[in-house]
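**Student:** Got a structure for you, model04.pdb, holding PDB, N, CA and C atoms and all ligand atoms.
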```pdb
MODEL        1
ATOM      1  N   MET A   1     119.491  92.018 112.044
ATOM      2  CA  MET A   1     118.950  93.346 112.395
ATOM      3  C   MET A   1     118.748  94.186 111.120
ATOM      4  N   HIS A   2     117.535  94.590 110.897
ATOM      5  CA  HIS A   2     117.155  95.310 109.693
ATOM      6  C   HIS A   2     117.844  96.668 109.595
ATOM      7  N   GLU A   3     117.930  97.360 110.719
ATOM      8  CA  GLU A   3     118.526  98.691 110.741
ATOM      9  C   GLU A   3     119.977  98.668 110.237
ATOM     10  N   TYR A   4     120.674  97.595 110.543
ATOM     11  CA  TYR A   4     122.071  97.504 110.135
ATOM     12  C   TYR A   4     122.184  97.500 108.608
ATOM     13  N   GLY A   5     121.342  96.717 107.954
ATOM     14  CA  GLY A   5     121.350  96.655 106.495
ATOM     15  C   GLY A   5     121.069  98.009 105.880
ATOM     16  N   ILE A   6     120.159  98.760 106.489
ATOM     17  CA  ILE A   6     119.808 100.077 105.976
ATOM     18  C   ILE A   6     120.956 101.057 106.168
ATOM     19  N   ALA A   7     121.559 101.013 107.362
ATOM     20  CA  ALA A   7     122.709 101.879 107.634
ATOM     21  C   ALA A   7     123.819 101.573 106.630
ATOM     22  N   TYR A   8     124.013 100.301 106.345
ATOM     23  CA  TYR A   8     125.069  99.924 105.413
ATOM     24  C   TYR A   8     124.745 100.408 103.996
ATOM     25  N   ASP A   9     123.490 100.299 103.596
ATOM     26  CA  ASP A   9     123.069 100.786 102.281
ATOM     27  C   ASP A   9     123.311 102.282 102.132
ATOM     28  N   ILE A  10     122.965 103.033 103.180
ATOM     29  CA  ILE A  10     123.173 104.482 103.155
ATOM     30  C   ILE A  10     124.668 104.780 103.016
ATOM     31  N   TYR A  11     125.442 104.060 103.794
ATOM     32  CA  TYR A  11     126.894 104.208 103.761
ATOM     33  C   TYR A  11     127.424 103.930 102.350
ATOM     34  N   ALA A  12     127.020 102.805 101.765
ATOM     35  CA  ALA A  12     127.517 102.404 100.449
ATOM     36  C   ALA A  12     127.096 103.403  99.376
ATOM     37  N   THR A  13     125.839 103.871  99.440
ATOM     38  CA  THR A  13     125.328 104.836  98.473
ATOM     39  C   THR A  13     126.098 106.149  98.557
ATOM     40  N   ALA A  14     126.293 106.634  99.778
ATOM     41  CA  ALA A  14     126.981 107.908  99.974
ATOM     42  C   ALA A  14     128.437 107.803  99.517
ATOM     43  N   ARG A  15     129.062 106.679  99.807
ATOM     44  CA  ARG A  15     130.462 106.499  99.459
ATOM     45  C   ARG A  15     130.634 106.464  97.932
ATOM     46  N   ARG A  16     129.725 105.747  97.265
ATOM     47  CA  ARG A  16     129.776 105.645  95.804
ATOM     48  C   ARG A  16     129.592 107.023  95.175
ATOM     49  N   THR A  17     128.625 107.793  95.695
ATOM     50  CA  THR A  17     128.368 109.132  95.173
ATOM     51  C   THR A  17     129.589 110.018  95.354
ATOM     52  N   ALA A  18     130.198 109.935  96.524
ATOM     53  CA  ALA A  18     131.379 110.751  96.811
ATOM     54  C   ALA A  18     132.507 110.404  95.841
ATOM     55  N   LEU A  19     132.724 109.129  95.602
ATOM     56  CA  LEU A  19     133.786 108.702  94.692
ATOM     57  C   LEU A  19     133.493 109.157  93.266
ATOM     58  N   ASP A  20     132.229 109.058  92.862
ATOM     59  CA  ASP A  20     131.824 109.491  91.519
ATOM     60  C   ASP A  20     132.125 110.967  91.287
ATOM     61  N   HIS A  21     132.069 111.750  92.361
ATOM     62  CA  HIS A  21     132.257 113.192  92.234
ATOM     63  C   HIS A  21     133.625 113.637  92.725
ATOM     64  N   ASN A  22     134.527 112.694  92.895
ATOM     65  CA  ASN A  22     135.864 112.999  93.402
ATOM     66  C   ASN A  22     135.829 113.827  94.680
ATOM     67  N   ALA A  23     134.911 113.512  95.539
ATOM     68  CA  ALA A  23     134.776 114.272  96.776
ATOM     69  C   ALA A  23     135.799 113.789  97.801
ATOM     70  N   SER A  24     136.202 114.707  98.653
ATOM     71  CA  SER A  24     137.152 114.327  99.690
ATOM     72  C   SER A  24     136.419 113.916 100.963
ATOM     73  N   HIS A  25     135.209 114.410 101.106
ATOM     74  CA  HIS A  25     134.499 114.146 102.349
ATOM     75  C   HIS A  25     132.990 114.244 102.150
ATOM     76  N   VAL A  26     132.252 113.392 102.831
ATOM     77  CA  VAL A  26     130.798 113.492 102.846
ATOM     78  C   VAL A  26     130.405 114.224 104.119
ATOM     79  N   THR A  27     129.609 115.265 103.971
ATOM     80  CA  THR A  27     129.282 116.069 105.149
ATOM     81  C   THR A  27     127.891 115.773 105.705
ATOM     82  N   ARG A  28     126.936 115.546 104.812
ATOM     83  CA  ARG A  28     125.566 115.385 105.293
ATOM     84  C   ARG A  28     124.755 114.521 104.335
ATOM     85  N   ILE A  29     123.936 113.662 104.903
ATOM     86  CA  ILE A  29     123.099 112.781 104.087
ATOM     87  C   ILE A  29     121.658 112.915 104.563
ATOM     88  N   THR A  30     120.781 113.281 103.659
ATOM     89  CA  THR A  30     119.364 113.375 104.002
ATOM     90  C   THR A  30     118.675 112.075 103.594
ATOM     91  N   VAL A  31     117.988 111.469 104.561
ATOM     92  CA  VAL A  31     117.338 110.190 104.304
ATOM     93  C   VAL A  31     115.845 110.309 104.619
ATOM     94  N   ASN A  32     115.027 109.869 103.683
ATOM     95  CA  ASN A  32     113.588 109.794 103.909
ATOM     96  C   ASN A  32     113.241 108.447 104.538
ATOM     97  N   PHE A  33     112.643 108.507 105.714
ATOM     98  CA  PHE A  33     112.207 107.283 106.384
ATOM     99  C   PHE A  33     110.692 107.206 106.311
ATOM    100  N   GLY A  34     110.187 106.263 105.577
ATOM    101  CA  GLY A  34     108.749 106.041 105.557
ATOM    102  C   GLY A  34     108.294 105.599 106.938
ATOM    103  N   LYS A  35     107.221 106.215 107.424
ATOM    104  CA  LYS A  35     106.708 105.897 108.754
ATOM    105  C   LYS A  35     106.327 104.417 108.854
ATOM    106  N   MET A  36     105.848 103.863 107.747
ATOM    107  CA  MET A  36     105.379 102.486 107.741
ATOM    108  C   MET A  36     106.507 101.464 107.576
ATOM    109  N   ALA A  37     107.720 101.946 107.398
ATOM    110  CA  ALA A  37     108.842 101.014 107.263
ATOM    111  C   ALA A  37     109.213 100.424 108.618
ATOM    112  N   MET A  38     108.712 101.015 109.683
ATOM    113  CA  MET A  38     108.946 100.523 111.041
ATOM    114  C   MET A  38     110.440 100.444 111.358
ATOM    115  N   ILE A  39     111.146 101.456 110.931
ATOM    116  CA  ILE A  39     112.582 101.506 111.183
ATOM    117  C   ILE A  39     112.857 102.652 112.136
ATOM    118  N   ASN A  40     113.742 102.416 113.074
ATOM    119  CA  ASN A  40     114.112 103.449 114.032
ATOM    120  C   ASN A  40     115.265 104.284 113.470
ATOM    121  N   PRO A  41     114.986 105.528 113.052
ATOM    122  CA  PRO A  41     116.034 106.349 112.435
ATOM    123  C   PRO A  41     117.231 106.591 113.355
ATOM    124  N   GLU A  42     116.971 106.709 114.670
ATOM    125  CA  GLU A  42     118.082 106.938 115.602
ATOM    126  C   GLU A  42     119.041 105.757 115.613
ATOM    127  N   GLN A  43     118.453 104.581 115.546
ATOM    128  CA  GLN A  43     119.249 103.357 115.503
ATOM    129  C   GLN A  43     120.108 103.327 114.229
ATOM    130  N   VAL A  44     119.495 103.738 113.119
ATOM    131  CA  VAL A  44     120.220 103.763 111.850
ATOM    132  C   VAL A  44     121.368 104.767 111.926
ATOM    133  N   SER A  45     121.110 105.951 112.481
ATOM    134  CA  SER A  45     122.157 106.966 112.627
ATOM    135  C   SER A  45     123.306 106.441 113.458
ATOM    136  N   PHE A  46     122.963 105.760 114.546
ATOM    137  CA  PHE A  46     123.974 105.228 115.440
ATOM    138  C   PHE A  46     124.829 104.179 114.726
ATOM    139  N   LEU A  47     124.181 103.283 114.008
ATOM    140  CA  LEU A  47     124.905 102.232 113.290
ATOM    141  C   LEU A  47     125.765 102.829 112.176
ATOM    142  N   PHE A  48     125.219 103.863 111.555
ATOM    143  CA  PHE A  48     125.964 104.553 110.500
ATOM    144  C   PHE A  48     127.262 105.138 111.071
ATOM    145  N   GLU A  49     127.161 105.758 112.246
ATOM    146  CA  GLU A  49     128.355 106.309 112.904
ATOM    147  C   GLU A  49     129.384 105.219 113.165
ATOM    148  N   THR A  50     128.902 104.072 113.624
ATOM    149  CA  THR A  50     129.794 102.951 113.908
ATOM    150  C   THR A  50     130.493 102.475 112.637
ATOM    151  N   LEU A  51     129.748 102.485 111.536
ATOM    152  CA  LEU A  51     130.298 102.032 110.257
ATOM    153  C   LEU A  51     131.355 102.984 109.710
ATOM    154  N   THR A  52     131.176 104.277 109.972
ATOM    155  CA  THR A  52     132.001 105.282 109.307
ATOM    156  C   THR A  52     133.149 105.792 110.167
ATOM    157  N   VAL A  53     133.238 105.325 111.408
ATOM    158  CA  VAL A  53     134.194 105.905 112.344
ATOM    159  C   VAL A  53     135.636 105.761 111.846
ATOM    160  N   ASP A  54     135.926 104.700 111.090
ATOM    161  CA  ASP A  54     137.290 104.489 110.596
ATOM    162  C   ASP A  54     137.467 104.882 109.135
ATOM    163  N   ASP A  55     136.461 105.529 108.575
ATOM    164  CA  ASP A  55     136.525 105.911 107.170
ATOM    165  C   ASP A  55     136.683 107.429 107.074
ATOM    166  N   PRO A  56     137.870 107.904 106.701
ATOM    167  CA  PRO A  56     138.113 109.360 106.699
ATOM    168  C   PRO A  56     137.166 110.105 105.764
ATOM    169  N   MET A  57     136.711 109.436 104.701
ATOM    170  CA  MET A  57     135.826 110.112 103.758
ATOM    171  C   MET A  57     134.427 110.321 104.336
ATOM    172  N   MET A  58     134.047 109.423 105.234
ATOM    173  CA  MET A  58     132.680 109.453 105.740
ATOM    174  C   MET A  58     132.583 109.875 107.199
ATOM    175  N   ASN A  59     133.683 109.837 107.882
ATOM    176  CA  ASN A  59     133.692 110.104 109.316
ATOM    177  C   ASN A  59     133.071 111.475 109.631
ATOM    178  N   GLY A  60     132.131 111.506 110.547
ATOM    179  CA  GLY A  60     131.526 112.757 110.976
ATOM    180  C   GLY A  60     130.356 113.193 110.112
ATOM    181  N   ALA A  61     130.060 112.434 109.056
ATOM    182  CA  ALA A  61     128.913 112.782 108.212
ATOM    183  C   ALA A  61     127.638 112.692 109.044
ATOM    184  N   GLU A  62     126.786 113.680 108.824
ATOM    185  CA  GLU A  62     125.567 113.754 109.619
ATOM    186  C   GLU A  62     124.400 113.159 108.828
ATOM    187  N   ILE A  63     123.577 112.393 109.498
ATOM    188  CA  ILE A  63     122.371 111.880 108.845
ATOM    189  C   ILE A  63     121.181 112.727 109.275
ATOM    190  N   VAL A  64     120.509 113.302 108.298
ATOM    191  CA  VAL A  64     119.306 114.080 108.574
ATOM    192  C   VAL A  64     118.105 113.210 108.212
ATOM    193  N   CYS A  65     117.249 112.960 109.195
ATOM    194  CA  CYS A  65     116.118 112.068 108.981
ATOM    195  C   CYS A  65     114.865 112.869 108.660
ATOM    196  N   GLU A  66     114.209 112.495 107.583
ATOM    197  CA  GLU A  66     112.910 113.081 107.281
ATOM    198  C   GLU A  66     111.897 111.957 107.308
ATOM    199  N   ILE A  67     110.898 112.108 108.173
ATOM    200  CA  ILE A  67     109.889 111.059 108.301
ATOM    201  C   ILE A  67     108.769 111.317 107.294
ATOM    202  N   ILE A  68     108.492 110.322 106.493
ATOM    203  CA  ILE A  68     107.474 110.444 105.450
ATOM    204  C   ILE A  68     106.181 109.774 105.921
ATOM    205  N   SER A  69     105.108 110.541 105.909
ATOM    206  CA  SER A  69     103.811 109.995 106.321
ATOM    207  C   SER A  69     103.297 109.020 105.271
ATOM    208  N   PRO A  70     102.532 108.024 105.714
ATOM    209  CA  PRO A  70     101.989 107.078 104.736
ATOM    210  C   PRO A  70     100.961 107.731 103.818
ATOM    211  N   ARG A  71     100.884 107.242 102.587
ATOM    212  CA  ARG A  71      99.862 107.656 101.629
ATOM    213  C   ARG A  71      99.172 106.397 101.135
ATOM    214  N   THR A  72      97.875 106.445 101.110
ATOM    215  CA  THR A  72      97.139 105.286 100.605
ATOM    216  C   THR A  72      96.167 105.722  99.517
ATOM    217  N   ARG A  73      95.763 104.732  98.732
ATOM    218  CA  ARG A  73      94.794 104.979  97.673
ATOM    219  C   ARG A  73      93.801 103.824  97.701
ATOM    220  N   CYS A  74      92.538 104.164  97.499
ATOM    221  CA  CYS A  74      91.499 103.142  97.507
ATOM    222  C   CYS A  74      90.873 103.033  96.121
ATOM    223  N   GLU A  75      90.303 101.873  95.858
ATOM    224  CA  GLU A  75      89.699 101.669  94.529
ATOM    225  C   GLU A  75      88.502 102.587  94.290
ATOM    226  N   CYS A  76      87.943 103.155  95.378
ATOM    227  CA  CYS A  76      86.811 104.076  95.206
ATOM    228  C   CYS A  76      87.278 105.475  94.814
ATOM    229  N   GLY A  77      88.594 105.699  94.851
ATOM    230  CA  GLY A  77      89.104 107.008  94.467
ATOM    231  C   GLY A  77      89.689 107.789  95.631
ATOM    232  N   TYR A  78      89.485 107.263  96.860
ATOM    233  CA  TYR A  78      90.031 107.942  98.032
ATOM    234  C   TYR A  78      91.554 107.944  97.990
ATOM    235  N   GLU A  79      92.148 109.049  98.408
ATOM    236  CA  GLU A  79      93.590 109.099  98.576
ATOM    237  C   GLU A  79      93.898 109.912  99.808
ATOM    238  N   GLY A  80      94.689 109.342 100.718
ATOM    239  CA  GLY A  80      94.980 110.065 101.940
ATOM    240  C   GLY A  80      95.909 109.296 102.837
ATOM    241  N   GLU A  81      95.733 109.499 104.161
ATOM    242  CA  GLU A  81      96.660 108.896 105.111
ATOM    243  C   GLU A  81      96.054 107.761 105.917
ATOM    244  N   GLU A  82      94.797 107.442 105.683
ATOM    245  CA  GLU A  82      94.169 106.321 106.393
ATOM    246  C   GLU A  82      94.729 105.016 105.855
ATOM    247  N   ILE A  83      95.312 104.204 106.756
ATOM    248  CA  ILE A  83      95.986 103.018 106.241
ATOM    249  C   ILE A  83      95.183 101.728 106.429
ATOM    250  N   TYR A  84      94.202 101.724 107.324
ATOM    251  CA  TYR A  84      93.486 100.472 107.597
ATOM    252  C   TYR A  84      92.096 100.423 106.987
ATOM    253  N   VAL A  85      91.377 101.521 107.079
ATOM    254  CA  VAL A  85      90.003 101.539 106.581
ATOM    255  C   VAL A  85      89.786 102.798 105.741
ATOM    256  N   CYS A  86      89.266 102.605 104.560
ATOM    257  CA  CYS A  86      88.943 103.760 103.719
ATOM    258  C   CYS A  86      87.785 104.529 104.353
ATOM    259  N   PRO A  87      87.954 105.837 104.604
ATOM    260  CA  PRO A  87      86.874 106.617 105.242
ATOM    261  C   PRO A  87      85.670 106.790 104.328
ATOM    262  N   ASP A  88      85.823 106.558 103.046
ATOM    263  CA  ASP A  88      84.721 106.735 102.105
ATOM    264  C   ASP A  88      83.898 105.463 101.910
ATOM    265  N   CYS A  89      84.575 104.302 101.800
ATOM    266  CA  CYS A  89      83.828 103.085 101.479
ATOM    267  C   CYS A  89      84.081 101.924 102.441
ATOM    268  N   GLY A  90      85.056 102.055 103.350
ATOM    269  CA  GLY A  90      85.262 101.033 104.365
ATOM    270  C   GLY A  90      86.163  99.880 103.943
ATOM    271  N   LYS A  91      86.640  99.920 102.719
ATOM    272  CA  LYS A  91      87.538  98.861 102.261
ATOM    273  C   LYS A  91      88.970  99.125 102.724
ATOM    274  N   LEU A  92      89.834  98.152 102.464
ATOM    275  CA  LEU A  92      91.233  98.298 102.830
ATOM    276  C   LEU A  92      91.983  99.029 101.711
ATOM    277  N   PRO A  93      92.484 100.226 102.000
ATOM    278  CA  PRO A  93      93.200 100.960 100.951
ATOM    279  C   PRO A  93      94.599 100.370 100.707
ATOM    280  N   THR A  94      95.174 100.681  99.576
ATOM    281  CA  THR A  94      96.505 100.205  99.220
ATOM    282  C   THR A  94      97.542 101.258  99.602
ATOM    283  N   LEU A  95      98.616 100.793 100.224
ATOM    284  CA  LEU A  95      99.698 101.700 100.599
ATOM    285  C   LEU A  95     100.514 102.063  99.361
ATOM    286  N   ILE A  96     100.590 103.364  99.042
ATOM    287  CA  ILE A  96     101.348 103.759  97.846
ATOM    288  C   ILE A  96     102.646 104.471  98.222
ATOM    289  N   ALA A  97     102.760 104.940  99.455
ATOM    290  CA  ALA A  97     104.011 105.561  99.894
ATOM    291  C   ALA A  97     104.081 105.490 101.409
ATOM    292  N   GLY A  98     105.300 105.585 101.933
ATOM    293  CA  GLY A  98     105.469 105.601 103.379
ATOM    294  C   GLY A  98     106.160 104.371 103.916
ATOM    295  N   LYS A  99     106.553 103.468 103.024
ATOM    296  CA  LYS A  99     107.212 102.242 103.457
ATOM    297  C   LYS A  99     108.681 102.224 103.053
ATOM    298  N   GLU A 100     109.076 103.277 102.327
ATOM    299  CA  GLU A 100     110.407 103.252 101.724
ATOM    300  C   GLU A 100     111.445 103.980 102.584
ATOM    301  N   ILE A 101     112.671 103.563 102.419
ATOM    302  CA  ILE A 101     113.806 104.274 103.002
ATOM    303  C   ILE A 101     114.642 104.742 101.819
ATOM    304  N   VAL A 102     114.729 106.051 101.627
ATOM    305  CA  VAL A 102     115.377 106.570 100.434
ATOM    306  C   VAL A 102     116.428 107.609 100.804
ATOM    307  N   VAL A 103     117.600 107.455 100.234
ATOM    308  CA  VAL A 103     118.608 108.503 100.376
ATOM    309  C   VAL A 103     118.225 109.610  99.408
ATOM    310  N   LYS A 104     117.890 110.772  99.974
ATOM    311  CA  LYS A 104     117.323 111.828  99.155
ATOM    312  C   LYS A 104     118.405 112.804  98.673
ATOM    313  N   ASN A 105     119.368 113.063  99.521
ATOM    314  CA  ASN A 105     120.366 114.056  99.190
ATOM    315  C   ASN A 105     121.673 113.745  99.903
ATOM    316  N   ILE A 106     122.772 113.945  99.177
ATOM    317  CA  ILE A 106     124.087 113.726  99.777
ATOM    318  C   ILE A 106     124.925 114.980  99.548
ATOM    319  N   GLU A 107     125.382 115.570 100.636
ATOM    320  CA  GLU A 107     126.231 116.756 100.509
ATOM    321  C   GLU A 107     127.678 116.320 100.651
ATOM    322  N   ILE A 108     128.475 116.742  99.674
ATOM    323  CA  ILE A 108     129.870 116.333  99.686
ATOM    324  C   ILE A 108     130.790 117.552  99.639
ATOM    325  N   ASP A 109     132.001 117.326 100.067
ATOM    326  CA  ASP A 109     133.016 118.358 100.032
ATOM    327  C   ASP A 109     134.057 117.945  99.001
ATOM    328  N   THR A 110     134.226 118.759  97.949
ATOM    329  CA  THR A 110     135.172 118.394  96.894
ATOM    330  C   THR A 110     136.541 119.011  97.138
ATOM    331  N   GLY A 111     136.652 119.786  98.196
ATOM    332  CA  GLY A 111     137.926 120.424  98.490
ATOM    333  C   GLY A 111     138.145 121.684  97.682
ATOM    334  N   GLU A 112     137.160 122.052  96.844
ATOM    335  CA  GLU A 112     137.264 123.273  96.054
ATOM    336  C   GLU A 112     136.342 124.323  96.649
ATOM    337  N   GLU A 113     136.756 125.563  96.520
ATOM    338  CA  GLU A 113     135.896 126.632  97.034
ATOM    339  C   GLU A 113     135.080 127.214  95.915
TER     340      GLU A 113
HETATM  341 ZN    ZN B 201      87.339 103.513  99.371
ENDMDL
END
```
Write out the structure in this file as structure tokens.
Ligand SMILES: [Zn+2]

**Tutor:**
Amino acid sequence: MHEYGIAYDIYATARRTALDHNASHVTRITVNFGKMAMINPEQVSFLFETLTVDDPMMNGAEIVCEIISPRTRCECGYEGEEIYVCPDCGKLPTLIAGKEIVVKNIEIDTGEE
């Protein structure tokens, strides 16, 4: 299951960041989901919860999903959101963004005010 690997990656990334910053708790993780990655963000959130339920540092951390629209570029110079046919010349444009899953921001609690 692809979603599981992604949930685990988010978990591992957030945990490493928290440890690097001597954080006591991770509160919120913002993740960019490319629309073309064909990943169900709700499924990832659910799996993430399952992964973190026994981890006091991560337990209760919220995943905020941001869906990223695809961006394509064509050799004729077109750039936009058309993914199958270039509206200017009819060729197949190249996908330059929208397929990635990226952890964009991690909010941590260091226990200091
Ligand atoms: Zn074109």

**Student:** Pick out the residues no farther than 9 Å from ligand ZN 201 (chain B), counting only C-alpha atoms and all ligand atoms, and list them as a ChimeraX atom specification.

**Tutor:** /A:73-79,85-93

**Student:** Using only N, CA and C atoms, which protein or nucleic acid residues come within 6 Å of region 54-63 of chain A? Drop anything in the same chain fewer than 4 positions from it, and give the result as a count of residues only.

**Tutor:** 8

**Student:** Could you list the residues chosen by the PyMOL selection byres (((chain A and resi 94-100 and name CA) around 7) and not hetatm and name CA) in this structure as a ChimeraX atom specification?

**Tutor:** /A:33-37,68-74,83,92-93,101-102

**Student:** In the coordinate frame of the file, compute which residues have an atom within 8 Å of (135.3, 115.2, 97.4) when using all atoms listed in the file, and state them as a PyMOL selection string.

**Tutor:** chain A and resi 17-19+21-26+108-112

**Student:** Please evaluate the PyMOL selection byres (((chain A and resi 44) around 8) and not hetatm) against the displayed coordinates and give the resulting residues as a ChimeraX atom specification.

**Tutor:** /A:2-4,6-8,39-43,45-50,63

**Student:** Quick one: pull the distance between CA of Asn32 (chain A) and CA of Arg16 (chain A), Å, one decimal.

**Tutor:**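 Atom-to-atom, CA of Asn32 (chain A) and CA of Arg16 (chain A) are spaced 18.6 Å apart.
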
**Student:** Restricting the calculation to only C-alpha atoms, which member of A:Glu81, A:Val64, A:Leu51, A:Glu107 is positioned closest to Tyr11 (chain A)?

**Tutor:**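 The answer is A:Leu51, which sits nearest to Tyr11 (chain A).
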
**Student:** Could you jot down the atom C of Arg15 (chain A) to atom C of Val103 (chain A) separation for me, Å, one decimal place?

**Tutor:**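 Between atom C of Arg15 (chain A) and atom C of Val103 (chain A) the gap works out to 12.9 Å.
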